[in-house]
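target.cif, holding mmCIF, C-alpha atoms:
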```cif
data_input
#
loop_
_atom_site.group_PDB
_atom_site.id
_atom_site.type_symbol
_atom_site.label_atom_id
_atom_site.label_comp_id
_atom_site.auth_asym_id
_atom_site.auth_seq_id
_atom_site.Cartn_x
_atom_site.Cartn_y
_atom_site.Cartn_z
ATOM 1 C CA MET U 1 233.520 -63.753 106.509
ATOM 2 C CA PRO U 2 237.317 -64.093 106.189
ATOM 3 C CA THR U 3 239.394 -61.422 107.907
ATOM 4 C CA ILE U 4 241.591 -59.380 105.603
ATOM 5 C CA ALA U 5 245.241 -59.347 106.534
ATOM 6 C CA LEU U 6 246.251 -55.846 107.423
ATOM 7 C CA ARG U 7 248.973 -54.611 105.110
ATOM 8 C CA SER U 8 251.646 -52.127 105.947
ATOM 9 C CA LEU U 9 251.147 -48.737 104.325
ATOM 10 C CA ALA U 10 254.331 -49.241 102.317
ATOM 11 C CA THR U 11 252.667 -52.165 100.524
ATOM 12 C CA CYS U 12 249.718 -49.952 99.590
ATOM 13 C CA LEU U 13 251.828 -47.527 97.586
ATOM 14 C CA PRO U 14 251.046 -47.045 93.881
ATOM 15 C CA ASN U 15 254.193 -48.775 92.612
ATOM 16 C CA VAL U 16 253.446 -51.916 94.673
ATOM 17 C CA LEU U 17 249.720 -52.016 93.871
ATOM 18 C CA ASN U 18 250.276 -51.397 90.160
ATOM 19 C CA LYS U 19 252.357 -54.558 89.970
ATOM 20 C CA GLU U 20 249.960 -56.648 92.020
ATOM 21 C CA LEU U 21 246.847 -55.408 90.236
ATOM 22 C CA GLN U 22 248.080 -55.531 86.654
ATOM 23 C CA ALA U 23 245.222 -57.843 85.638
ATOM 24 C CA VAL U 24 242.537 -55.585 87.090
ATOM 25 C CA ARG U 25 240.868 -53.801 84.200
ATOM 26 C CA SER U 26 237.279 -53.208 85.268
ATOM 27 C CA VAL U 27 235.139 -52.534 88.311
ATOM 28 C CA THR U 28 234.099 -56.203 88.276
ATOM 29 C CA ASP U 29 237.787 -57.190 88.437
ATOM 30 C CA VAL U 30 238.280 -54.838 91.385
ATOM 31 C CA LEU U 31 235.325 -56.379 93.198
ATOM 32 C CA LYS U 32 236.821 -59.841 92.703
ATOM 33 C CA VAL U 33 240.076 -58.881 94.441
ATOM 34 C CA ALA U 34 238.746 -56.218 96.817
ATOM 35 C CA GLY U 35 238.378 -58.799 99.582
ATOM 36 C CA ASP U 36 242.150 -59.266 99.676
ATOM 37 C CA TYR U 37 242.858 -55.597 100.325
ATOM 38 C CA PRO U 38 242.138 -53.487 103.384
ATOM 39 C CA THR U 39 239.644 -50.660 103.284
ATOM 40 C CA LEU U 40 240.653 -47.089 104.076
ATOM 41 C CA GLY U 41 238.527 -47.377 107.210
ATOM 42 C CA LYS U 42 240.459 -50.396 108.411
ATOM 43 C CA LEU U 43 243.783 -48.701 107.711
ATOM 44 C CA LYS U 44 242.531 -45.610 109.501
ATOM 45 C CA THR U 45 241.719 -47.657 112.596
ATOM 46 C CA ALA U 46 245.116 -49.325 112.514
ATOM 47 C CA TYR U 47 247.389 -46.441 111.532
ATOM 48 C CA GLY U 48 245.414 -43.248 112.092
ATOM 49 C CA HIS U 49 243.763 -40.707 109.819
ATOM 50 C CA GLU U 50 246.945 -38.786 108.951
ATOM 51 C CA LYS U 51 248.874 -41.783 107.711
ATOM 52 C CA VAL U 52 246.045 -42.937 105.458
ATOM 53 C CA GLU U 53 245.786 -39.404 104.114
ATOM 54 C CA ALA U 54 249.507 -39.583 103.368
ATOM 55 C CA LEU U 55 248.814 -42.688 101.293
ATOM 56 C CA ILE U 56 246.205 -40.849 99.211
ATOM 57 C CA LYS U 57 248.610 -37.900 98.843
ATOM 58 C CA GLU U 58 251.280 -40.232 97.489
ATOM 59 C CA HIS U 59 248.809 -41.639 94.938
ATOM 60 C CA LEU U 60 247.898 -38.073 93.895
ATOM 61 C CA ILE U 61 251.529 -37.011 93.521
ATOM 62 C CA GLN U 62 252.448 -40.094 91.503
ATOM 63 C CA MET U 63 249.424 -39.563 89.257
ATOM 64 C CA SER U 64 250.332 -35.892 88.733
ATOM 65 C CA LYS U 65 253.746 -36.963 87.481
ATOM 66 C CA LEU U 66 252.171 -38.995 84.694
ATOM 67 C CA VAL U 67 249.885 -36.346 83.269
ATOM 68 C CA ASN U 68 250.698 -33.059 81.597
ATOM 69 C CA LEU U 69 249.367 -30.250 83.712
ATOM 70 C CA VAL U 70 249.757 -26.511 83.340
ATOM 71 C CA ARG U 71 247.949 -26.066 86.638
ATOM 72 C CA PRO U 72 248.789 -29.087 88.777
ATOM 73 C CA LEU U 73 247.631 -29.793 92.299
ATOM 74 C CA ASN U 74 249.374 -27.785 94.973
ATOM 75 C CA GLU U 75 249.901 -28.853 98.581
ATOM 76 C CA ALA U 76 246.663 -27.281 99.843
ATOM 77 C CA LYS U 77 244.606 -29.058 97.160
ATOM 78 C CA ILE U 78 246.322 -32.386 97.796
ATOM 79 C CA ASP U 79 245.620 -32.039 101.534
ATOM 80 C CA ALA U 80 241.958 -31.208 100.880
ATOM 81 C CA ILE U 81 241.446 -34.158 98.507
ATOM 82 C CA ALA U 82 243.186 -36.645 100.815
ATOM 83 C CA GLU U 83 241.121 -35.501 103.779
ATOM 84 C CA ARG U 84 237.854 -35.775 101.846
ATOM 85 C CA VAL U 85 238.616 -39.155 100.282
ATOM 86 C CA VAL U 86 239.575 -40.728 103.609
ATOM 87 C CA SER U 87 236.510 -39.296 105.356
ATOM 88 C CA LYS U 88 233.948 -39.952 102.638
ATOM 89 C CA TYR U 89 235.135 -43.187 101.059
ATOM 90 C CA ALA U 90 236.378 -45.202 104.032
ATOM 91 C CA VAL U 91 234.598 -48.274 102.630
ATOM 92 C CA LEU U 92 236.795 -48.327 99.529
ATOM 93 C CA THR U 93 239.817 -50.605 99.551
ATOM 94 C CA VAL U 94 243.312 -49.607 98.461
ATOM 95 C CA ALA U 95 242.657 -51.669 95.316
ATOM 96 C CA ASP U 96 239.717 -49.366 94.550
ATOM 97 C CA ILE U 97 241.867 -46.278 95.156
ATOM 98 C CA ASN U 98 244.546 -47.588 92.839
ATOM 99 C CA PHE U 99 241.936 -48.350 90.192
ATOM 100 C CA VAL U 100 240.436 -44.836 90.396
ATOM 101 C CA PHE U 101 243.814 -43.166 89.869
ATOM 102 C CA ASN U 102 244.783 -45.530 87.065
ATOM 103 C CA SER U 103 241.460 -44.882 85.354
ATOM 104 C CA ALA U 104 242.118 -41.142 85.615
ATOM 105 C CA ILE U 105 245.573 -41.575 84.082
ATOM 106 C CA ASN U 106 244.030 -43.651 81.282
ATOM 107 C CA GLY U 107 241.576 -40.834 80.593
ATOM 108 C CA ASP U 108 238.505 -42.842 81.603
ATOM 109 C CA PHE U 109 237.128 -39.885 83.555
ATOM 110 C CA GLY U 110 237.580 -37.482 80.664
ATOM 111 C CA ILE U 111 240.226 -35.019 79.599
ATOM 112 C CA PHE U 112 242.108 -33.069 82.272
ATOM 113 C CA TYR U 113 242.364 -29.887 80.167
ATOM 114 C CA GLU U 114 245.811 -29.403 81.680
ATOM 115 C CA SER U 115 244.476 -28.752 85.157
ATOM 116 C CA LEU U 116 243.409 -30.609 88.247
ATOM 117 C CA ASP U 117 241.491 -29.376 91.252
ATOM 118 C CA VAL U 118 239.525 -30.665 94.226
ATOM 119 C CA PRO U 119 236.056 -30.901 92.590
ATOM 120 C CA LYS U 120 237.463 -32.675 89.529
ATOM 121 C CA VAL U 121 239.166 -35.401 91.575
ATOM 122 C CA MET U 122 236.203 -35.799 93.934
ATOM 123 C CA THR U 123 233.943 -36.250 90.901
ATOM 124 C CA TRP U 124 236.044 -39.265 89.853
ATOM 125 C CA PHE U 125 235.512 -40.842 93.239
ATOM 126 C CA ALA U 126 231.778 -40.133 93.188
ATOM 127 C CA ALA U 127 231.454 -41.636 89.687
ATOM 128 C CA TYR U 128 233.531 -44.667 90.610
ATOM 129 C CA PHE U 129 231.644 -45.229 93.864
ATOM 130 C CA GLU U 130 228.321 -45.176 92.050
ATOM 131 C CA GLU U 131 229.557 -47.596 89.396
ATOM 132 C CA ARG U 132 231.005 -49.874 92.060
ATOM 133 C CA CYS U 133 227.719 -49.957 93.986
ATOM 134 C CA ASN U 134 225.733 -50.679 90.816
ATOM 135 C CA THR U 135 228.104 -53.444 89.735
ATOM 136 C CA ALA U 136 228.092 -55.012 93.199
ATOM 137 C CA ALA U 137 224.281 -54.878 93.239
ATOM 138 C CA GLU U 138 224.099 -56.557 89.814
ATOM 139 C CA ILE U 139 226.463 -59.335 90.843
ATOM 140 C CA SER U 140 224.572 -59.883 94.067
ATOM 141 C CA GLN U 141 221.226 -59.984 92.236
ATOM 142 C CA THR U 142 222.465 -62.476 89.642
ATOM 143 C CA GLU U 143 223.825 -64.757 92.337
ATOM 144 C CA ALA U 144 220.567 -64.577 94.240
ATOM 145 C CA ILE U 145 218.444 -65.479 91.195
ATOM 146 C CA ASN U 146 220.609 -68.414 90.353
ATOM 147 C CA ASP U 147 220.408 -69.718 93.877
ATOM 148 C CA LYS U 148 216.696 -69.369 94.173
ATOM 149 C CA GLY U 149 215.682 -70.428 90.670
ATOM 150 C CA GLY U 150 218.374 -73.078 90.409
ATOM 151 C CA ASN U 151 218.646 -72.618 86.660
ATOM 152 C CA PHE U 152 222.381 -72.225 86.532
ATOM 153 C CA THR U 153 223.615 -73.646 89.789
ATOM 154 C CA LYS U 154 225.789 -76.736 89.718
ATOM 155 C CA LYS U 155 223.229 -78.598 91.777
ATOM 156 C CA TYR U 156 220.442 -77.978 89.280
ATOM 157 C CA ALA U 157 222.692 -78.768 86.326
ATOM 158 C CA LYS U 158 223.569 -82.106 87.913
ATOM 159 C CA LYS U 159 219.880 -82.830 88.535
ATOM 160 C CA LEU U 160 219.101 -82.124 84.890
ATOM 161 C CA LEU U 161 221.949 -84.293 83.717
ATOM 162 C CA ASP U 162 220.904 -87.136 85.961
ATOM 163 C CA LYS U 163 217.356 -86.882 84.593
ATOM 164 C CA MET U 164 218.645 -86.983 81.047
ATOM 165 C CA GLU U 165 220.827 -89.951 81.812
ATOM 166 C CA LYS U 166 217.810 -91.833 83.170
ATOM 167 C CA ILE U 167 215.751 -91.092 80.056
ATOM 168 C CA LYS U 168 218.543 -92.418 77.963
ATOM 169 C CA MET M 1 285.254 6.349 117.622
ATOM 170 C CA SER M 2 285.035 2.732 118.791
ATOM 171 C CA GLU M 3 288.079 0.541 119.239
ATOM 172 C CA ASP M 4 286.955 -1.830 116.515
ATOM 173 C CA LEU M 5 286.774 0.974 113.982
ATOM 174 C CA LEU M 6 290.185 2.294 114.999
ATOM 175 C CA ARG M 7 291.667 -1.185 114.677
ATOM 176 C CA ILE M 8 290.342 -1.473 111.113
ATOM 177 C CA LEU M 9 291.504 2.013 110.154
ATOM 178 C CA LYS M 10 294.997 1.398 111.529
ATOM 179 C CA ASN M 11 295.248 -2.086 110.070
ATOM 180 C CA PRO M 12 297.577 -1.964 107.021
ATOM 181 C CA HIS M 13 296.018 -5.204 105.743
ATOM 182 C CA ALA M 14 292.410 -4.056 105.933
ATOM 183 C CA SER M 15 290.588 -4.379 102.644
ATOM 184 C CA LYS M 16 289.323 -1.357 100.755
ATOM 185 C CA GLN M 17 285.751 -2.369 101.496
ATOM 186 C CA GLN M 18 286.463 -2.695 105.243
ATOM 187 C CA LEU M 19 288.086 0.768 105.275
ATOM 188 C CA ARG M 20 285.134 2.288 103.426
ATOM 189 C CA GLU M 21 282.651 0.751 105.838
ATOM 190 C CA ALA M 22 284.668 1.810 108.876
ATOM 191 C CA LEU M 23 284.997 5.370 107.634
ATOM 192 C CA ALA M 24 281.328 5.612 106.751
ATOM 193 C CA THR M 25 280.342 4.307 110.214
ATOM 194 C CA ALA M 26 282.743 6.737 111.885
ATOM 195 C CA LEU M 27 281.307 9.629 109.909
ATOM 196 C CA GLY M 28 277.726 8.434 110.404
ATOM 197 C CA VAL M 29 276.983 8.493 106.696
ATOM 198 C CA GLU M 30 275.306 5.890 104.526
ATOM 199 C CA LEU M 31 277.674 4.047 102.279
ATOM 200 C CA THR M 32 276.902 4.475 98.605
ATOM 201 C CA GLU M 33 277.543 1.567 96.317
ATOM 202 C CA SER M 34 280.872 1.724 94.594
ATOM 203 C CA LYS M 35 281.450 0.873 90.990
ATOM 204 C CA SER M 36 283.212 -2.330 92.058
ATOM 205 C CA ASP M 37 280.085 -3.494 93.983
ATOM 206 C CA LYS M 38 278.005 -2.950 90.877
ATOM 207 C CA ARG M 39 280.602 -4.808 88.887
ATOM 208 C CA SER M 40 280.537 -7.763 91.303
ATOM 209 C CA VAL M 41 276.738 -8.064 91.023
ATOM 210 C CA PHE M 42 277.083 -7.832 87.258
ATOM 211 C CA SER M 43 279.822 -10.490 87.146
ATOM 212 C CA ALA M 44 277.895 -12.783 89.477
ATOM 213 C CA CYS M 45 274.747 -12.493 87.331
ATOM 214 C CA LYS M 46 276.791 -12.960 84.166
ATOM 215 C CA GLY M 47 278.313 -16.111 85.691
ATOM 216 C CA VAL M 48 274.876 -17.413 86.654
ATOM 217 C CA PHE M 49 273.532 -16.840 83.150
ATOM 218 C CA GLU M 50 276.527 -18.379 81.399
ATOM 219 C CA PHE M 51 276.349 -21.427 83.659
ATOM 220 C CA CYS M 52 272.589 -21.912 83.126
ATOM 221 C CA TYR M 53 272.939 -21.393 79.384
ATOM 222 C CA SER M 54 275.759 -23.888 78.903
ATOM 223 C CA ASP M 55 274.039 -26.337 81.259
ATOM 224 C CA TYR M 56 270.863 -26.177 79.150
ATOM 225 C CA SER M 57 272.305 -25.957 75.631
ATOM 226 C CA GLY M 58 275.630 -27.667 76.056
ATOM 227 C CA PHE M 59 277.432 -24.711 74.436
ATOM 228 C CA PRO M 60 279.156 -21.676 75.960
ATOM 229 C CA TYR M 61 277.270 -18.396 75.596
ATOM 230 C CA ALA M 62 278.819 -15.939 73.132
ATOM 231 C CA PHE M 63 278.691 -12.834 75.312
ATOM 232 C CA SER M 64 278.692 -9.564 73.358
ATOM 233 C CA ALA M 65 278.464 -5.872 74.233
ATOM 234 C CA LYS M 66 274.703 -5.762 73.726
ATOM 235 C CA ASP M 67 274.338 -8.670 76.196
ATOM 236 C CA GLY M 68 276.261 -6.581 78.728
ATOM 237 C CA VAL M 69 273.893 -3.659 78.199
ATOM 238 C CA ALA M 70 270.898 -5.996 78.507
ATOM 239 C CA LEU M 71 272.234 -7.594 81.704
ATOM 240 C CA ALA M 72 272.812 -4.185 83.301
ATOM 241 C CA ALA M 73 269.240 -3.237 82.370
ATOM 242 C CA ILE M 74 267.874 -6.489 83.840
ATOM 243 C CA ILE M 75 269.725 -5.817 87.109
ATOM 244 C CA LYS M 76 268.203 -2.355 87.194
ATOM 245 C CA LYS M 77 264.733 -3.824 86.607
ATOM 246 C CA ILE M 78 265.267 -6.314 89.431
ATOM 247 C CA GLU M 79 266.240 -3.420 91.704
ATOM 248 C CA GLY M 80 263.000 -1.778 90.596
ATOM 249 C CA LEU M 81 261.068 -4.738 92.012
ATOM 250 C CA GLY M 82 262.128 -3.645 95.485
ATOM 251 C CA VAL M 83 265.148 -5.932 95.769
ATOM 252 C CA ASP M 84 267.950 -3.886 97.256
ATOM 253 C CA SER M 85 270.816 -5.974 98.625
ATOM 254 C CA ASP M 86 273.396 -7.395 96.224
ATOM 255 C CA GLN M 87 272.825 -10.931 97.415
ATOM 256 C CA GLN M 88 269.088 -10.588 96.871
ATOM 257 C CA ILE M 89 269.614 -9.221 93.374
ATOM 258 C CA ILE M 90 271.833 -12.176 92.476
ATOM 259 C CA LYS M 91 269.345 -14.628 93.994
ATOM 260 C CA THR M 92 266.430 -13.035 92.142
ATOM 261 C CA PHE M 93 268.368 -13.138 88.883
ATOM 262 C CA GLU M 94 269.222 -16.779 89.524
ATOM 263 C CA ALA M 95 265.535 -17.555 90.127
ATOM 264 C CA LEU M 96 264.575 -15.647 86.986
ATOM 265 C CA ILE M 97 266.943 -17.674 84.815
ATOM 266 C CA SER M 98 266.318 -21.053 86.417
ATOM 267 C CA LYS M 99 262.530 -20.632 86.216
ATOM 268 C CA LEU M 100 262.581 -19.167 82.733
ATOM 269 C CA PRO M 101 259.546 -20.539 80.835
ATOM 270 C CA ASP M 102 260.427 -23.414 78.503
ATOM 271 C CA TRP M 103 259.482 -21.470 75.400
ATOM 272 C CA TYR M 104 262.173 -18.871 76.074
ATOM 273 C CA LYS M 105 264.720 -21.550 76.917
ATOM 274 C CA ASN M 106 264.043 -23.338 73.647
ATOM 275 C CA ASN M 107 263.591 -20.387 71.318
ATOM 276 C CA ALA M 108 265.027 -17.217 72.782
ATOM 277 C CA PHE M 109 267.538 -17.993 75.501
ATOM 278 C CA SER M 110 269.393 -14.681 75.433
ATOM 279 C CA LEU M 111 269.868 -11.728 77.754
ATOM 280 C CA THR M 112 268.556 -9.262 75.190
ATOM 281 C CA VAL M 113 265.249 -11.127 74.887
ATOM 282 C CA ILE M 114 264.966 -11.567 78.668
ATOM 283 C CA ASN M 115 265.504 -7.828 79.043
ATOM 284 C CA LYS M 116 262.959 -6.972 76.359
ATOM 285 C CA LYS M 117 260.336 -9.404 77.693
ATOM 286 C CA PHE M 118 261.141 -8.879 81.371
ATOM 287 C CA ASN M 119 257.571 -8.016 82.410
ATOM 288 C CA GLU M 120 256.015 -10.910 80.492
ATOM 289 C CA ILE M 121 258.558 -13.371 81.859
ATOM 290 C CA THR M 122 258.216 -12.317 85.501
ATOM 291 C CA THR M 123 254.407 -12.423 85.231
ATOM 292 C CA SER M 124 254.529 -15.862 83.642
ATOM 293 C CA ILE M 125 256.864 -17.205 86.349
ATOM 294 C CA LYS M 126 254.724 -15.714 89.098
ATOM 295 C CA ARG M 127 251.495 -17.062 87.616
ATOM 296 C CA SER M 128 252.843 -20.558 87.183
ATOM 297 C CA SER M 129 254.209 -20.600 90.729
ATOM 298 C CA VAL M 130 250.923 -19.318 92.174
ATOM 299 C CA ASN M 131 248.890 -21.834 90.217
ATOM 300 C CA SER M 132 251.097 -24.824 90.752
ATOM 301 C CA GLY M 133 252.108 -23.902 94.245
ATOM 302 C CA GLY M 134 254.605 -26.659 93.745
ATOM 303 C CA ILE M 135 255.231 -29.483 96.109
ATOM 304 C CA SER M 136 258.051 -28.678 98.463
ATOM 305 C CA ALA M 137 260.722 -31.122 99.533
ATOM 306 C CA ASP M 138 259.470 -30.745 103.120
ATOM 307 C CA TYR M 139 255.984 -31.777 102.081
ATOM 308 C CA ARG M 140 257.299 -34.876 100.266
ATOM 309 C CA ALA M 141 259.486 -35.723 103.256
ATOM 310 C CA GLN M 142 256.495 -35.491 105.602
ATOM 311 C CA ILE M 143 254.493 -37.897 103.413
ATOM 312 C CA ALA M 144 257.408 -40.326 103.336
ATOM 313 C CA ARG M 145 257.740 -40.108 107.127
ATOM 314 C CA ASP M 146 254.007 -40.764 107.576
ATOM 315 C CA LEU M 147 254.043 -43.745 105.260
ATOM 316 C CA LEU M 148 257.198 -45.428 106.372
ATOM 317 C CA ALA M 149 257.201 -44.635 110.102
#
```

Here is a file; write its structure as structure tokens.
Amino acid sequence: MPTIALRSLATCLPNVLNKELQAVRSVTDVLKVAGDYPTLGKLKTAYGHEKVEALIKEHLIQMSKLVNLVRPLNEAKIDAIAERVVSKYAVLTVADINFVFNSAINGDFGIFYESLDVPKVMTWFAAYFEERCNTAAEISQTEAINDKGGNFTKKYAKKLLDKMEKIK
Amino acid sequence: MSEDLLRILKNPHASKQQLREALATALGVELTESKSDKRSVFSACKGVFEFCYSDYSGFPYAFSAKDGVALAAIIKKIEGLGVDSDQQIIKTFEALISKLPDWYKNNAFSLTVINKKFNEITTSIKRSSVNSGGISADYRAQIARDLLA
């Protein structure tokens, strides 16, 4: 398994990731690039819990700027969300985090009703994590079937072609 | 009487306010606010309002007699909130005007309306600040330090 280059926290900020991940539009896209980005757990080991929480806080603040809120997140709520996300979703990469917040901005998790709070944001992560696991499982299953059955592998296709060539 | 007080009382260049304070201290009485103090709070608040108004609308505020009456009433209401020192009154008034809800800024940016709707406005400002909590500059600075250190 290739080792993922550890990025500096400054390169994991929303403005940097948004540029790099412009083409990422679905969970499948995230899974394709996830290997190139460090997980929160890895960042936590390298930089410490507080610094990774700061990264999540920055994502939250930038997101808040882009949505109209009568009751936005205050410092206590931001702290609580960052702490929970880093503790509970250490397996997610910064690409995943960026995707979750962009999806929220796009309204994919529903309407904000002019307010944000801890349960609402944590629900996004729970929903995303479930979808990510299901998508990863599907991809893994499809790959496994193809390998075992040989129906769509290159090797089997070549075999079939060779057979057909012989018949000809 | 202390030497400091005597020096002030004998000083021909001492200001009226210094003399008043020195005399009051010497007599052991509490100094009551003079009309000029009231006037300075009024002028400071008037200046704050005119500045905020022209900054927001781009036009100077046409100050009339009824605005003066309204401003005096607002100052009295601020005092009623438990704010006693002049500086605190000016600061509270400044906060009131700078945090004035957008609707009032867009549709009723006048001292008479602020006076009439004082209770509604202060409640609205308080509610929005409690709910939003706001993100302080210190908090942002701490995040930046954590990320870039």

What residues come out when you apply the PyMOL selection byres ((chain M and resi 109-117) around 9) to this file, written as a list of chain:residue names?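 Applied to this file, the PyMOL selection byres ((chain M and resi 109-117) around 9) selects M:Phe49, M:Tyr53, M:Tyr61, M:Lys66, M:Asp67, M:Gly68, M:Val69, M:Ala70, M:Leu71, M:Ala73, M:Ile74, M:Lys77, M:Ile97, M:Leu100, M:Trp103, M:Tyr104, M:Lys105, M:Asn106, M:Asn107, M:Ala108, M:Phe118, M:Asn119, M:Glu120, M:Ile121, M:Thr122.
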
Starting from chain U, keep only residues with some atom at most 10 Å from an atom of chain M, counting only C-alpha atoms, and report them as a short mmCIF file (atom, residue, chain, number, x, y, z; two decimals) with C-alpha atoms, in the frame of the given file.
```
data_model
loop_
_atom_site.label_atom_id
_atom_site.label_comp_id
_atom_site.auth_asym_id
_atom_site.auth_seq_id
_atom_site.Cartn_x
_atom_site.Cartn_y
_atom_site.Cartn_z
CA SER U 8 251.65 -52.13 105.95
CA LEU U 9 251.15 -48.74 104.32
CA ALA U 10 254.33 -49.24 102.32
CA THR U 11 252.67 -52.16 100.52
CA CYS U 12 249.72 -49.95 99.59
CA LEU U 13 251.83 -47.53 97.59
CA TYR U 47 247.39 -46.44 111.53
CA GLU U 50 246.94 -38.79 108.95
CA LYS U 51 248.87 -41.78 107.71
CA VAL U 52 246.04 -42.94 105.46
CA GLU U 53 245.79 -39.40 104.11
CA ALA U 54 249.51 -39.58 103.37
CA LEU U 55 248.81 -42.69 101.29
CA ILE U 56 246.20 -40.85 99.21
CA LYS U 57 248.61 -37.90 98.84
CA GLU U 58 251.28 -40.23 97.49
CA ILE U 61 251.53 -37.01 93.52
CA LEU U 69 249.37 -30.25 83.71
CA VAL U 70 249.76 -26.51 83.34
CA ARG U 71 247.95 -26.07 86.64
CA PRO U 72 248.79 -29.09 88.78
CA LEU U 73 247.63 -29.79 92.30
CA ASN U 74 249.37 -27.78 94.97
CA GLU U 75 249.90 -28.85 98.58
CA ALA U 76 246.66 -27.28 99.84
CA LYS U 77 244.61 -29.06 97.16
CA ILE U 78 246.32 -32.39 97.80
CA SER U 115 244.48 -28.75 85.16
CA LEU U 116 243.41 -30.61 88.25
#
```

Take every atom of stretch 89-97 of chain U listed in the file, fit an axis-aligned box around them, add 6 Å per side, and give the centre and edge lengths in Å to one decimal as AutoDock Vina command-line options.
```
--center_x 239.0 --center_y -47.4 --center_z 99.3 --size_x 20.7 --size_y 20.5 --size_z 21.5
```

Any idea what's packed within 12 Å of M:Asp4, counting only C-alpha atoms, ignoring anything in its chain fewer than 6 positions away? Could you give it as a PyMOL selection string? chain M and resi 10-11+18-19+21-23+25-26

Around the point (242.4, -44.5, 87.2), in the coordinates given by the file, pick out the residues reaching within 12 Å, counting all atoms listed in the file, and return them as a short mmCIF file (atom, residue, chain, number, x, y, z; two decimals) with C-alpha atoms, keeping the file's coordinate frame.
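And here's result-v9.cif as it stands now:
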```
data_model
loop_
_atom_site.label_atom_id
_atom_site.label_comp_id
_atom_site.auth_asym_id
_atom_site.auth_seq_id
_atom_site.Cartn_x
_atom_site.Cartn_y
_atom_site.Cartn_z
CA PRO U 14 251.05 -47.04 93.88
CA ASN U 18 250.28 -51.40 90.16
CA VAL U 24 242.54 -55.58 87.09
CA ARG U 25 240.87 -53.80 84.20
CA SER U 26 237.28 -53.21 85.27
CA VAL U 27 235.14 -52.53 88.31
CA VAL U 30 238.28 -54.84 91.38
CA HIS U 59 248.81 -41.64 94.94
CA LEU U 60 247.90 -38.07 93.90
CA GLN U 62 252.45 -40.09 91.50
CA MET U 63 249.42 -39.56 89.26
CA SER U 64 250.33 -35.89 88.73
CA LEU U 66 252.17 -38.99 84.69
CA VAL U 67 249.88 -36.35 83.27
CA ALA U 95 242.66 -51.67 95.32
CA ASP U 96 239.72 -49.37 94.55
CA ILE U 97 241.87 -46.28 95.16
CA ASN U 98 244.55 -47.59 92.84
CA PHE U 99 241.94 -48.35 90.19
CA VAL U 100 240.44 -44.84 90.40
CA PHE U 101 243.81 -43.17 89.87
CA ASN U 102 244.78 -45.53 87.06
CA SER U 103 241.46 -44.88 85.35
CA ALA U 104 242.12 -41.14 85.62
CA ILE U 105 245.57 -41.58 84.08
CA ASN U 106 244.03 -43.65 81.28
CA GLY U 107 241.58 -40.83 80.59
CA ASP U 108 238.50 -42.84 81.60
CA PHE U 109 237.13 -39.88 83.56
CA GLY U 110 237.58 -37.48 80.66
CA VAL U 121 239.17 -35.40 91.58
CA TRP U 124 236.04 -39.26 89.85
CA PHE U 125 235.51 -40.84 93.24
CA ALA U 127 231.45 -41.64 89.69
CA TYR U 128 233.53 -44.67 90.61
#
```

As a check of understanding, name the residues that the PyMOL selection byres ((chain U and resi 37) around 12) selects in the supplied structure, as a ChimeraX atom specification. /U:2-9,11-12,17,20-21,30-36,38-43,91-98

Can I get the selection written as a compact mmCIF listing (two decimals), keeping the file's coordinate frame, with C-alpha atoms?
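What ended up in result_33.txt:
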```
# COMPACT_ATOMS: atom_id res chain seq x y z
CA PRO U 2 237.32 -64.09 106.19
CA THR U 3 239.39 -61.42 107.91
CA ILE U 4 241.59 -59.38 105.60
CA ALA U 5 245.24 -59.35 106.53
CA LEU U 6 246.25 -55.85 107.42
CA ARG U 7 248.97 -54.61 105.11
CA SER U 8 251.65 -52.13 105.95
CA LEU U 9 251.15 -48.74 104.32
CA THR U 11 252.67 -52.16 100.52
CA CYS U 12 249.72 -49.95 99.59
CA LEU U 17 249.72 -52.02 93.87
CA GLU U 20 249.96 -56.65 92.02
CA LEU U 21 246.85 -55.41 90.24
CA VAL U 30 238.28 -54.84 91.38
CA LEU U 31 235.32 -56.38 93.20
CA LYS U 32 236.82 -59.84 92.70
CA VAL U 33 240.08 -58.88 94.44
CA ALA U 34 238.75 -56.22 96.82
CA GLY U 35 238.38 -58.80 99.58
CA ASP U 36 242.15 -59.27 99.68
CA PRO U 38 242.14 -53.49 103.38
CA THR U 39 239.64 -50.66 103.28
CA LEU U 40 240.65 -47.09 104.08
CA GLY U 41 238.53 -47.38 107.21
CA LYS U 42 240.46 -50.40 108.41
CA LEU U 43 243.78 -48.70 107.71
CA VAL U 91 234.60 -48.27 102.63
CA LEU U 92 236.80 -48.33 99.53
CA THR U 93 239.82 -50.60 99.55
CA VAL U 94 243.31 -49.61 98.46
CA ALA U 95 242.66 -51.67 95.32
CA ASP U 96 239.72 -49.37 94.55
CA ILE U 97 241.87 -46.28 95.16
CA ASN U 98 244.55 -47.59 92.84
```

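Our summary of the geometry notes that atom CA of U:Phe129 is positioned 16.8 Å from atom CA of U:Glu83.
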
As an exercise, work out the distance from atom CA of M:Ser40 to atom CA of M:Ile78 in Å and give it to one decimal place.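 Between atom CA of M:Ser40 and atom CA of M:Ile78 the gap is 15.5 Å.
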